[in-house]
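Content type mmCIF, C-alpha atoms and all ligand atoms, from the file query_14.cif:
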data_final
loop_
_atom_site.label_atom_id
_atom_site.label_comp_id
_atom_site.auth_asym_id
_atom_site.auth_seq_id
_atom_site.Cartn_x
_atom_site.Cartn_y
_atom_site.Cartn_z
CA MET A 1129 107.02 32.14 88.02
CA ALA A 1130 109.69 31.89 90.66
CA SER A 1131 113.05 32.68 89.18
CA ASP A 1132 115.90 34.81 90.46
CA THR A 1133 116.98 35.69 86.93
CA ARG A 1134 118.53 39.09 86.22
CA ILE A 1135 117.20 38.96 82.64
CA ALA A 1136 114.20 41.14 81.76
CA SER A 1137 111.86 40.22 78.92
CA SER A 1138 110.23 42.78 76.61
CA VAL A 1139 107.62 40.21 75.55
CA ASP A 1140 104.53 39.23 77.55
CA TYR A 1141 104.30 35.43 77.45
CA GLU A 1142 100.55 35.57 78.24
CA ARG A 1143 99.51 38.03 75.52
CA ASP A 1144 97.78 36.84 72.34
CA GLY A 1145 99.33 37.60 68.96
CA LYS A 1146 102.92 37.69 67.70
CA GLN A 1147 105.58 39.62 69.62
CA ILE A 1148 109.18 39.91 68.49
CA GLY A 1149 111.31 41.36 71.26
CA TRP A 1150 114.30 40.95 73.49
CA LEU A 1151 115.64 39.34 76.59
CA ALA A 1152 117.81 42.04 78.17
CA LEU A 1153 120.79 40.70 80.10
CA PRO A 1154 122.54 43.49 82.04
CA LEU A 1155 126.13 43.72 80.80
CA SER A 1156 128.10 46.57 82.34
CA VAL A 1157 131.29 47.06 80.36
CA THR A 1158 133.70 49.92 79.61
CA ARG A 1159 131.94 50.73 76.33
CA SER A 1160 128.51 50.80 77.98
CA ALA A 1161 128.24 51.18 81.75
CA TYR A 1162 124.50 50.52 81.93
CA GLY A 1163 124.38 48.36 78.80
CA ASN A 1164 122.47 45.18 78.08
CA LEU A 1165 123.01 42.13 75.94
CA MET A 1166 119.81 41.96 73.86
CA LEU A 1167 118.83 38.39 72.96
CA PRO A 1168 116.11 38.05 70.30
CA ILE A 1169 112.95 36.18 71.27
CA CYS A 1170 109.55 35.68 69.66
CA VAL A 1171 106.30 34.62 71.32
CA VAL A 1172 103.26 33.60 69.27
CA LYS A 1173 100.10 32.86 71.24
CA HIS A 1174 96.53 32.21 70.22
CA GLY A 1175 93.68 30.30 71.83
CA SER A 1176 94.35 27.59 74.33
CA GLY A 1177 96.80 24.79 73.75
CA PRO A 1178 100.26 23.55 74.59
CA THR A 1179 103.49 25.53 74.48
CA ALA A 1180 106.42 24.62 72.22
CA LEU A 1181 109.84 26.11 72.92
CA LEU A 1182 112.07 26.14 69.80
CA MET A 1183 115.75 27.04 70.15
CA ALA A 1184 118.83 27.43 67.95
CA GLY A 1185 122.20 29.09 68.44
CA ASN A 1186 122.93 27.16 71.64
CA HIS A 1187 126.24 26.81 69.79
CA GLY A 1188 126.98 29.84 67.63
CA ASP A 1189 128.67 28.05 64.71
CA GLU A 1190 125.69 25.77 63.97
CA TYR A 1191 123.51 27.50 61.45
CA GLU A 1192 120.64 25.44 59.99
CA GLY A 1193 118.42 25.91 63.07
CA GLN A 1194 119.29 29.61 63.33
CA ILE A 1195 118.17 30.15 59.73
CA ALA A 1196 115.01 28.03 60.03
CA LEU A 1197 113.84 29.76 63.23
CA ASN A 1198 114.70 33.21 61.86
CA LYS A 1199 112.41 32.48 58.88
CA LEU A 1200 109.70 30.93 61.08
CA ILE A 1201 109.51 34.09 63.20
CA ARG A 1202 108.66 36.18 60.14
CA SER A 1203 106.30 33.66 58.53
CA ILE A 1204 104.30 32.22 61.44
CA ASP A 1205 100.67 33.36 61.48
CA PRO A 1206 99.21 33.66 65.00
CA ALA A 1207 95.71 32.93 63.66
CA ARG A 1208 96.85 29.40 62.76
CA VAL A 1209 98.25 28.73 66.25
CA GLU A 1210 96.30 26.93 68.98
CA GLY A 1211 98.53 27.41 71.99
CA ARG A 1212 101.89 29.10 72.17
CA VAL A 1213 105.20 28.96 70.35
CA ILE A 1214 108.26 30.53 72.00
CA ILE A 1215 111.24 30.92 69.66
CA LEU A 1216 114.87 31.63 70.67
CA PRO A 1217 116.63 31.80 67.28
CA ALA A 1218 120.11 32.74 68.56
CA ALA A 1219 120.11 31.65 72.19
CA ASN A 1220 123.77 32.39 72.86
CA LEU A 1221 123.79 35.54 70.72
CA PRO A 1222 127.45 36.56 71.27
CA ALA A 1223 128.54 33.11 70.02
CA ALA A 1224 126.09 33.26 67.11
CA LEU A 1225 127.39 36.67 66.02
CA ALA A 1226 131.00 35.50 66.31
CA GLY A 1227 130.26 32.20 64.53
CA THR A 1228 131.86 30.28 67.40
CA ARG A 1229 130.83 27.33 69.54
CA VAL A 1230 131.57 29.14 72.81
CA SER A 1231 130.73 32.71 73.73
CA PRO A 1232 133.50 35.26 73.14
CA LEU A 1233 132.31 37.04 76.31
CA ASP A 1234 133.19 34.26 78.74
CA ASP A 1235 134.56 31.34 76.68
CA ARG A 1236 131.67 29.19 77.96
CA ASN A 1237 129.90 26.47 76.00
CA MET A 1238 126.19 27.01 76.75
CA ASN A 1239 125.41 23.32 76.32
CA ARG A 1240 127.79 22.50 79.19
CA VAL A 1241 126.49 24.97 81.79
CA PHE A 1242 122.85 23.95 82.36
CA PRO A 1243 120.99 24.52 84.64
CA GLY A 1244 123.00 27.77 84.62
CA ASP A 1245 123.55 30.40 87.29
CA PRO A 1246 121.60 33.67 87.72
CA ASP A 1247 124.76 35.35 89.06
CA GLY A 1248 127.21 33.63 86.71
CA THR A 1249 128.80 34.64 83.42
CA PRO A 1250 126.55 35.81 80.54
CA THR A 1251 126.34 32.27 79.10
CA GLU A 1252 125.43 30.84 82.52
CA GLN A 1253 122.79 33.55 83.01
CA ILE A 1254 121.17 32.74 79.64
CA ALA A 1255 121.09 29.02 80.45
CA HIS A 1256 119.55 29.80 83.83
CA TYR A 1257 116.79 31.88 82.21
CA ILE A 1258 116.00 29.09 79.77
CA ASP A 1259 115.97 26.51 82.56
CA SER A 1260 114.09 28.45 85.24
CA VAL A 1261 111.71 30.65 83.18
CA LEU A 1262 111.17 29.05 79.74
CA PHE A 1263 111.28 25.31 80.53
CA PRO A 1264 108.51 25.58 83.18
CA MET A 1265 106.24 27.12 80.50
CA ALA A 1266 107.01 24.47 77.86
CA ASP A 1267 105.14 21.26 77.02
CA ALA A 1268 107.83 20.40 74.47
CA PHE A 1269 111.30 21.70 73.62
CA ALA A 1270 113.44 21.41 70.49
CA ASP A 1271 117.13 22.41 70.34
CA PHE A 1272 118.57 22.46 66.81
CA HIS A 1273 122.33 21.82 66.50
CA SER A 1274 124.88 20.87 63.87
CA GLY A 1275 128.50 19.80 63.96
CA GLY A 1276 129.82 23.35 64.05
CA GLY A 1277 133.31 24.06 62.81
CA SER A 1278 134.88 20.79 63.97
CA LEU A 1279 132.42 18.04 62.95
CA ASP A 1280 130.38 16.93 59.93
CA PHE A 1281 127.17 14.95 60.46
CA SER A 1282 124.71 12.83 58.62
CA PRO A 1283 121.52 14.74 59.57
CA TRP A 1284 119.64 13.23 62.48
CA CYS A 1285 117.07 14.09 65.14
CA GLY A 1286 117.42 12.49 68.53
CA PHE A 1287 117.06 12.62 72.26
CA ASN A 1288 118.71 11.83 75.57
CA THR A 1289 117.41 10.04 78.63
CA THR A 1290 118.46 10.46 82.22
CA THR A 1291 117.58 9.04 85.60
CA GLY A 1292 114.47 10.25 87.38
CA VAL A 1293 112.40 11.02 84.27
CA SER A 1294 108.83 9.73 84.12
CA ARG A 1295 107.87 7.06 81.60
CA ALA A 1296 105.28 9.45 80.11
CA VAL A 1297 107.91 12.13 79.43
CA LEU A 1298 110.26 9.58 77.82
CA ASP A 1299 107.49 8.10 75.66
CA ARG A 1300 106.44 11.56 74.49
CA THR A 1301 110.08 12.41 73.78
CA VAL A 1302 110.44 9.34 71.53
CA GLU A 1303 107.14 10.17 69.80
CA LEU A 1304 108.25 13.75 69.08
CA ALA A 1305 111.70 12.68 67.84
CA ARG A 1306 110.09 10.25 65.39
CA ALA A 1307 107.56 12.89 64.33
CA VAL A 1308 110.36 15.27 63.26
CA GLY A 1309 111.05 12.78 60.47
CA ALA A 1310 114.80 13.29 60.01
CA PRO A 1311 116.54 10.57 57.95
CA LEU A 1312 117.94 9.15 61.21
CA THR A 1313 116.32 9.19 64.67
CA ILE A 1314 118.91 8.52 67.36
CA ASN A 1315 118.43 7.44 70.96
CA PHE A 1316 121.53 8.66 72.77
CA GLY A 1317 120.50 6.92 75.96
CA GLU A 1318 121.87 8.14 79.23
CA ASP A 1319 123.89 11.18 78.26
CA LEU A 1320 127.61 11.28 78.88
CA ASP A 1321 127.26 14.84 80.17
CA THR A 1322 124.35 16.01 82.32
CA ARG A 1323 125.00 19.72 81.76
CA VAL A 1324 123.26 19.81 78.36
CA ALA A 1325 119.95 21.58 77.67
CA ALA A 1326 118.25 18.28 76.81
CA ILE A 1327 118.90 16.79 80.25
CA ALA A 1328 117.93 20.04 82.00
CA ALA A 1329 114.60 20.00 80.14
CA LEU A 1330 113.97 16.36 81.08
CA ARG A 1331 114.64 17.24 84.72
CA ARG A 1332 111.91 19.88 84.37
CA GLY A 1333 109.61 17.19 82.96
CA VAL A 1334 109.71 18.64 79.43
CA PRO A 1335 109.75 16.13 76.53
CA ASN A 1336 112.40 17.31 74.12
CA VAL A 1337 114.33 16.59 70.97
CA GLY A 1338 117.63 17.76 69.52
CA GLY A 1339 119.73 16.80 66.59
CA GLU A 1340 122.57 17.58 64.25
CA PHE A 1341 121.54 18.96 60.87
CA GLY A 1342 124.83 19.87 59.18
CA GLY A 1343 128.34 20.84 60.12
CA GLY A 1344 131.78 21.97 59.13
CA GLY A 1345 130.90 25.58 59.93
CA SER A 1346 128.86 25.60 56.72
CA VAL A 1347 125.11 25.74 55.98
CA ALA A 1348 123.51 22.58 54.58
CA VAL A 1349 120.59 23.16 52.18
CA GLU A 1350 119.15 19.73 53.03
CA GLY A 1351 119.70 20.41 56.75
CA ILE A 1352 117.54 23.54 56.62
CA ARG A 1353 114.83 21.59 54.76
CA ILE A 1354 114.90 18.83 57.40
CA VAL A 1355 114.68 21.34 60.27
CA GLU A 1356 111.81 23.25 58.62
CA ARG A 1357 109.87 20.07 57.86
CA GLY A 1358 110.63 18.83 61.37
CA ILE A 1359 109.21 21.99 62.96
CA THR A 1360 106.06 21.66 60.86
CA ASN A 1361 105.67 18.01 61.91
CA LEU A 1362 106.46 18.82 65.54
CA LEU A 1363 103.91 21.65 65.84
CA ALA A 1364 101.28 19.48 64.12
CA THR A 1365 101.96 16.51 66.41
CA LEU A 1366 101.65 18.80 69.44
CA GLY A 1367 98.29 20.05 68.14
CA ILE A 1368 99.56 23.64 67.96
CA MET A 1369 99.47 24.22 64.20
CA GLY A 1370 98.48 22.21 61.12
CA GLU A 1371 97.42 18.63 60.59
CA PRO A 1372 99.82 15.85 61.54
CA PRO A 1373 100.99 13.65 58.65
CA ALA A 1374 98.72 10.64 58.04
CA ALA A 1375 101.63 8.29 58.65
CA PRO A 1376 104.80 8.90 60.65
CA PRO A 1377 107.54 10.13 58.32
CA PRO A 1378 110.10 7.49 57.32
CA THR A 1379 113.20 7.42 59.51
CA ARG A 1380 115.90 4.93 60.49
CA LEU A 1381 115.89 4.31 64.24
CA MET A 1382 119.41 4.16 65.69
CA THR A 1383 121.27 4.36 68.97
CA VAL A 1384 124.81 5.05 70.19
CA PRO A 1385 125.38 2.33 72.79
CA GLY A 1386 128.56 3.63 74.44
CA PRO A 1387 131.90 5.45 74.31
CA GLU A 1388 133.48 2.70 72.17
CA TYR A 1389 131.37 4.01 69.27
CA PHE A 1390 133.52 7.17 69.26
CA VAL A 1391 137.02 7.23 67.72
CA LEU A 1392 139.58 9.63 69.23
CA ALA A 1393 142.89 10.82 67.79
CA PRO A 1394 145.80 8.98 69.47
CA GLU A 1395 148.46 11.56 68.52
CA PRO A 1396 148.64 15.15 67.33
CA GLY A 1397 149.21 15.40 63.60
CA LEU A 1398 147.40 15.30 60.26
CA PHE A 1399 144.61 12.69 60.13
CA GLU A 1400 144.18 10.73 56.92
CA PRO A 1401 140.62 9.31 57.04
CA PHE A 1402 139.84 6.00 55.34
CA VAL A 1403 136.02 6.15 55.44
CA GLU A 1404 133.31 8.73 54.88
CA ILE A 1405 129.99 9.53 56.56
CA GLY A 1406 127.29 7.06 55.50
CA GLU A 1407 129.62 4.04 55.28
CA THR A 1408 129.05 0.99 57.45
CA VAL A 1409 132.18 -0.21 59.23
CA ALA A 1410 133.15 -3.33 61.19
CA ASP A 1411 134.77 -3.64 64.61
CA ASP A 1412 138.58 -3.30 64.32
CA GLN A 1413 138.35 -1.95 60.76
CA PRO A 1414 141.05 0.67 59.99
CA ALA A 1415 139.56 4.18 60.39
CA GLY A 1416 142.61 6.08 59.15
CA GLN A 1417 146.06 7.11 60.27
CA VAL A 1418 147.81 10.06 61.82
CA VAL A 1419 150.55 11.35 59.51
CA PHE A 1420 153.52 13.46 60.66
CA VAL A 1421 154.21 16.09 58.02
CA ASP A 1422 157.17 17.44 59.98
CA ASN A 1423 158.94 14.06 59.94
CA PRO A 1424 158.29 11.88 56.85
CA ALA A 1425 160.66 9.22 58.25
CA ARG A 1426 158.18 8.53 61.06
CA GLU A 1427 155.63 5.79 60.33
CA PRO A 1428 151.98 6.97 60.52
CA VAL A 1429 150.03 5.88 63.62
CA PRO A 1430 147.09 3.66 62.65
CA VAL A 1431 143.58 4.32 64.03
CA ARG A 1432 140.91 1.59 64.19
CA PHE A 1433 137.20 1.43 65.00
CA ASP A 1434 136.50 -0.18 68.39
CA ALA A 1435 132.96 -1.16 67.30
CA GLY A 1436 130.94 -1.68 64.15
CA GLY A 1437 128.14 0.52 62.85
CA LEU A 1438 127.07 3.36 60.58
CA VAL A 1439 129.43 6.35 60.37
CA ILE A 1440 127.24 9.36 61.24
CA CYS A 1441 129.92 11.86 62.29
CA LYS A 1442 133.40 12.73 61.01
CA ARG A 1443 135.89 15.39 62.04
CA HIS A 1444 135.93 18.31 59.60
CA PRO A 1445 139.45 19.83 59.87
CA GLY A 1446 142.45 17.72 58.89
CA ARG A 1447 144.79 18.69 61.75
CA VAL A 1448 144.15 16.89 65.02
CA GLU A 1449 145.23 17.03 68.63
CA ARG A 1450 145.33 13.93 70.83
CA GLY A 1451 141.78 13.30 72.08
CA ASP A 1452 139.91 14.99 69.22
CA CYS A 1453 136.83 13.07 68.05
CA LEU A 1454 137.53 11.68 64.55
CA TYR A 1455 134.36 9.64 63.99
CA HIS A 1456 131.33 8.36 65.75
CA LEU A 1457 129.03 5.52 64.89
CA ALA A 1458 125.42 4.52 65.45
CA VAL A 1459 123.71 1.12 65.27
CA ASP A 1460 120.11 0.13 64.54
CA TRP A 1461 117.65 0.44 67.43
CA ASP A 1462 114.33 -1.37 67.98
CA GLY A 1463 112.50 1.79 69.07
CA GLN A 1464 112.09 0.66 72.67
CA ILE A 1465 113.61 2.55 75.59
CA GLY A 1466 115.72 0.00 77.47
CA ASP A 1467 115.09 -1.60 80.84
CA GLY A 1468 117.28 0.93 82.61
CA ALA A 1469 114.96 3.75 81.64
CA GLN A 1470 111.79 1.71 82.19
CA ARG A 1471 112.69 1.18 85.83
CA LEU A 1472 112.51 4.92 86.45
CA ASN A 1473 108.79 5.58 86.01
ZN ZN B 1 125.77 22.06 69.06
#

Let me see the structure of the file written as structure tokens.
Amino acid sequence: MASDTRIASSVDYERDGKQIGWLALPLSVTRSAYGNLMLPICVVKHGSGPTALLMAGNHGDEYEGQIALNKLIRSIDPARVEGRVIILPAANLPAALAGTRVSPLDDRNMNRVFPGDPDGTPTEQIAHYIDSVLFPMADAFADFHSGGGSLDFSPWCGFNTTTGVSRAVLDRTVELARAVGAPLTINFGEDLDTRVAAIAALRRGVPNVGGEFGGGGSVAVEGIRIVERGITNLLATLGIMGEPPAAPPPTRLMTVPGPEYFVLAPEPGLFEPFVEIGETVADDQPAGQVVFVDNPAREPVPVRFDAGGLVICKRHPGRVERGDCLYHLAVDWDGQIGDGAQRLN
């Protein structure tokens, strides 16, 4: 594989069996002149078949995927595998250990630096390794997220699209997202930001799914169950392990048509929400109000929804700054990728 990465792997991606090892990223610091950042990785290979790349800890404060993949590494039996499973359970390890969205080493958000940089900061170097070494090996990729410390979510699995992706890759992406069987399956359409792992994988021709399985900096019991069942369904659908379910698991197909489905705080203050996750709201319905605890004489500033739909995301902390995301909505989707994507082929 042609990659100018500085990261060295202790696992042999071509060897049969289960290997639990490290990606060593050289990190020369005062405490350790010739030190390395050691990122955990597991490779399970047996027979011939496709390769699934499973990742969590892209954001360090999102835990359901980290727990599910940690358990999978210990439980997966190579004899049951036909193909290869590559598992990165804490992709941005410094962030995962700190319980933060961004890495404490460089203050970078890994899901905003793809395709990364082999000579960049630690977070950029990790993203570059994933993009240039792991994506080319993968037939499918899953990146498990949650809302982290600042957002709560109704659990969903979903995907992005972007220009230049083949119809076959998009169709497979939709098939895999539905196979995960989360309560909601969300088509995010053309992503607002092209520096995310999902878009980088699509550019490498890798069908891939993501999703939000909890939030608030906590660990959702149901979120872990959904991720674990989703991995089982995903590996079965790929033909790597187990029998696929006789019927596709039930899910509600949804989409987020545009930025007007997000509600942002208009002022800094304390946000009083009027609706909860799972409620259906109408366009122009009051969403809440910003209250000024330092000046009770000041009238609260009202906040309204700019579109109607299902509330799938809500800000977790009460204090807000102007521009913070307070809510976002989704609407029902017919399961068809739109004309814009179909033109790409
Ligand atoms: Zn995330």

message = As an exercise, work out the distance from CA of Ala1305 in chain A to CA of Gly1358 in chain A in Å and give it to one decimal place.
response = 9.0 Å

Determine, using all atoms listed in the file, which residues of chain A have any atom at most 9 Å from an atom of ligand ZN 1 (chain B), and tabulate each with its shortest atom pair and distance in Å to one decimal place, rows ordered by chain and then rising number, as CSV.
residue,atom,partner,partner_atom,distance
A:Ala1184,CA,B:ZN1,ZN,8.8
A:Gly1185,CA,B:ZN1,ZN,7.9
A:Asn1186,CA,B:ZN1,ZN,6.4
A:His1187,CA,B:ZN1,ZN,4.8
A:Gly1188,CA,B:ZN1,ZN,8.0
A:Asp1189,CA,B:ZN1,ZN,8.0
A:Glu1190,CA,B:ZN1,ZN,6.3
A:Arg1229,CA,B:ZN1,ZN,7.3
A:Asn1239,CA,B:ZN1,ZN,7.4
A:Asp1271,CA,B:ZN1,ZN,8.7
A:Phe1272,CA,B:ZN1,ZN,7.6
A:His1273,CA,B:ZN1,ZN,4.3
A:Ser1274,CA,B:ZN1,ZN,5.4
A:Gly1275,CA,B:ZN1,ZN,6.2
A:Gly1276,CA,B:ZN1,ZN,6.6
A:Gly1339,CA,B:ZN1,ZN,8.4
A:Glu1340,CA,B:ZN1,ZN,7.3

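The space separating CA of Cys1170 in chain A from CA of Arg1134 in chain A comes to 19.1 Å.
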
request  = Could you tell me which of A:Gly1248, A:Pro1396, A:Gly1436, A:Pro1401 comes closest to Val1421 in chain A if we count all atoms listed in the file?
outcome  = A:Pro1396

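The closest residue to Ser1282 in chain A, picked from A:Pro1217, A:Gly1342, A:Pro1335, A:Pro1385 and counting only C-alpha atoms, is A:Gly1342.
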
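Separating CA of His1444 in chain A from CA of Val1459 in chain A is a distance of 21.8 Å.
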
note = Counting all atoms listed in the file, closest pick from A:Tyr1162, A:Gly1145, A:Pro1206, A:Asp1280 relative to Ala1348 in chain A is A:Asp1280

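Comparing A:Arg1450, A:Lys1173, A:Arg1159, A:Arg1306 by their smallest distance to Leu1381 in chain A, the closest is A:Arg1306 (using only C-alpha atoms).
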
inquiry  = Nearest residue to Leu1298 in chain A out of A:Gly1463, A:Pro1154, A:Pro1250, A:Pro1376, using only C-alpha atoms?
reply    = A:Gly1463

Distance cut-off 7 Å, centre (143.5, -0.4, 59.8) in file coordinates, counting only C-alpha atoms: which residues qualify? Return them as a PDB file with C-alpha atoms, keeping the file's coordinate frame.
ATOM      1  CA  GLN A1413     138.350  -1.950  60.760  1.00  0.00           C
ATOM      2  CA  PRO A1414     141.050   0.670  59.990  1.00  0.00           C
ATOM      3  CA  ALA A1415     139.560   4.180  60.390  1.00  0.00           C
ATOM      4  CA  GLY A1416     142.610   6.080  59.150  1.00  0.00           C
ATOM      5  CA  PRO A1430     147.090   3.660  62.650  1.00  0.00           C
ATOM      6  CA  VAL A1431     143.580   4.320  64.030  1.00  0.00           C
ATOM      7  CA  ARG A1432     140.910   1.590  64.190  1.00  0.00           C
TER       8      ARG A1432
END

Per residue of range 1340-1429 of chain A within 12 Å of range 1284-1295 of chain A, what are the shortest atom pair and its distance in Å to one decimal, counting only C-alpha atoms, with rows by chain and residue number, as a tab-separated table?
residue	atom	partner	partner_atom	distance
A:Glu1340	CA	A:Trp1284	CA	5.5
A:Phe1341	CA	A:Trp1284	CA	6.2
A:Gly1342	CA	A:Trp1284	CA	9.1
A:Gly1343	CA	A:Trp1284	CA	11.8
A:Glu1350	CA	A:Trp1284	CA	11.5
A:Gly1351	CA	A:Trp1284	CA	9.2
A:Ile1354	CA	A:Trp1284	CA	8.9
A:Val1355	CA	A:Cys1285	CA	9.1
A:Arg1357	CA	A:Cys1285	CA	11.9
A:Gly1358	CA	A:Cys1285	CA	8.8
A:Ile1359	CA	A:Cys1285	CA	11.4
A:Leu1362	CA	A:Cys1285	CA	11.6
A:Thr1379	CA	A:Trp1284	CA	9.2
A:Arg1380	CA	A:Trp1284	CA	9.3
A:Leu1381	CA	A:Gly1286	CA	9.4
A:Met1382	CA	A:Gly1286	CA	9.0
A:Thr1383	CA	A:Gly1286	CA	9.0
A:Val1384	CA	A:Asn1288	CA	10.6
A:Pro1385	CA	A:Asn1288	CA	11.9

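Distances to Thr1251 in chain A were evaluated for A:Asp1235, A:Glu1427, A:Asp1267, A:Glu1407 using all atoms listed in the file, and the minimum falls at A:Asp1235.
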
With 4 Å of padding per side, what axis-aligned box (centre and edge lengths, Å, one decimal) covers all the listed atoms of range 1408-1412 of chain A? Give it as JSON.
{"center_x": 133.8, "center_y": -1.3, "center_z": 61.0, "size_x": 17.5, "size_y": 12.6, "size_z": 15.2}
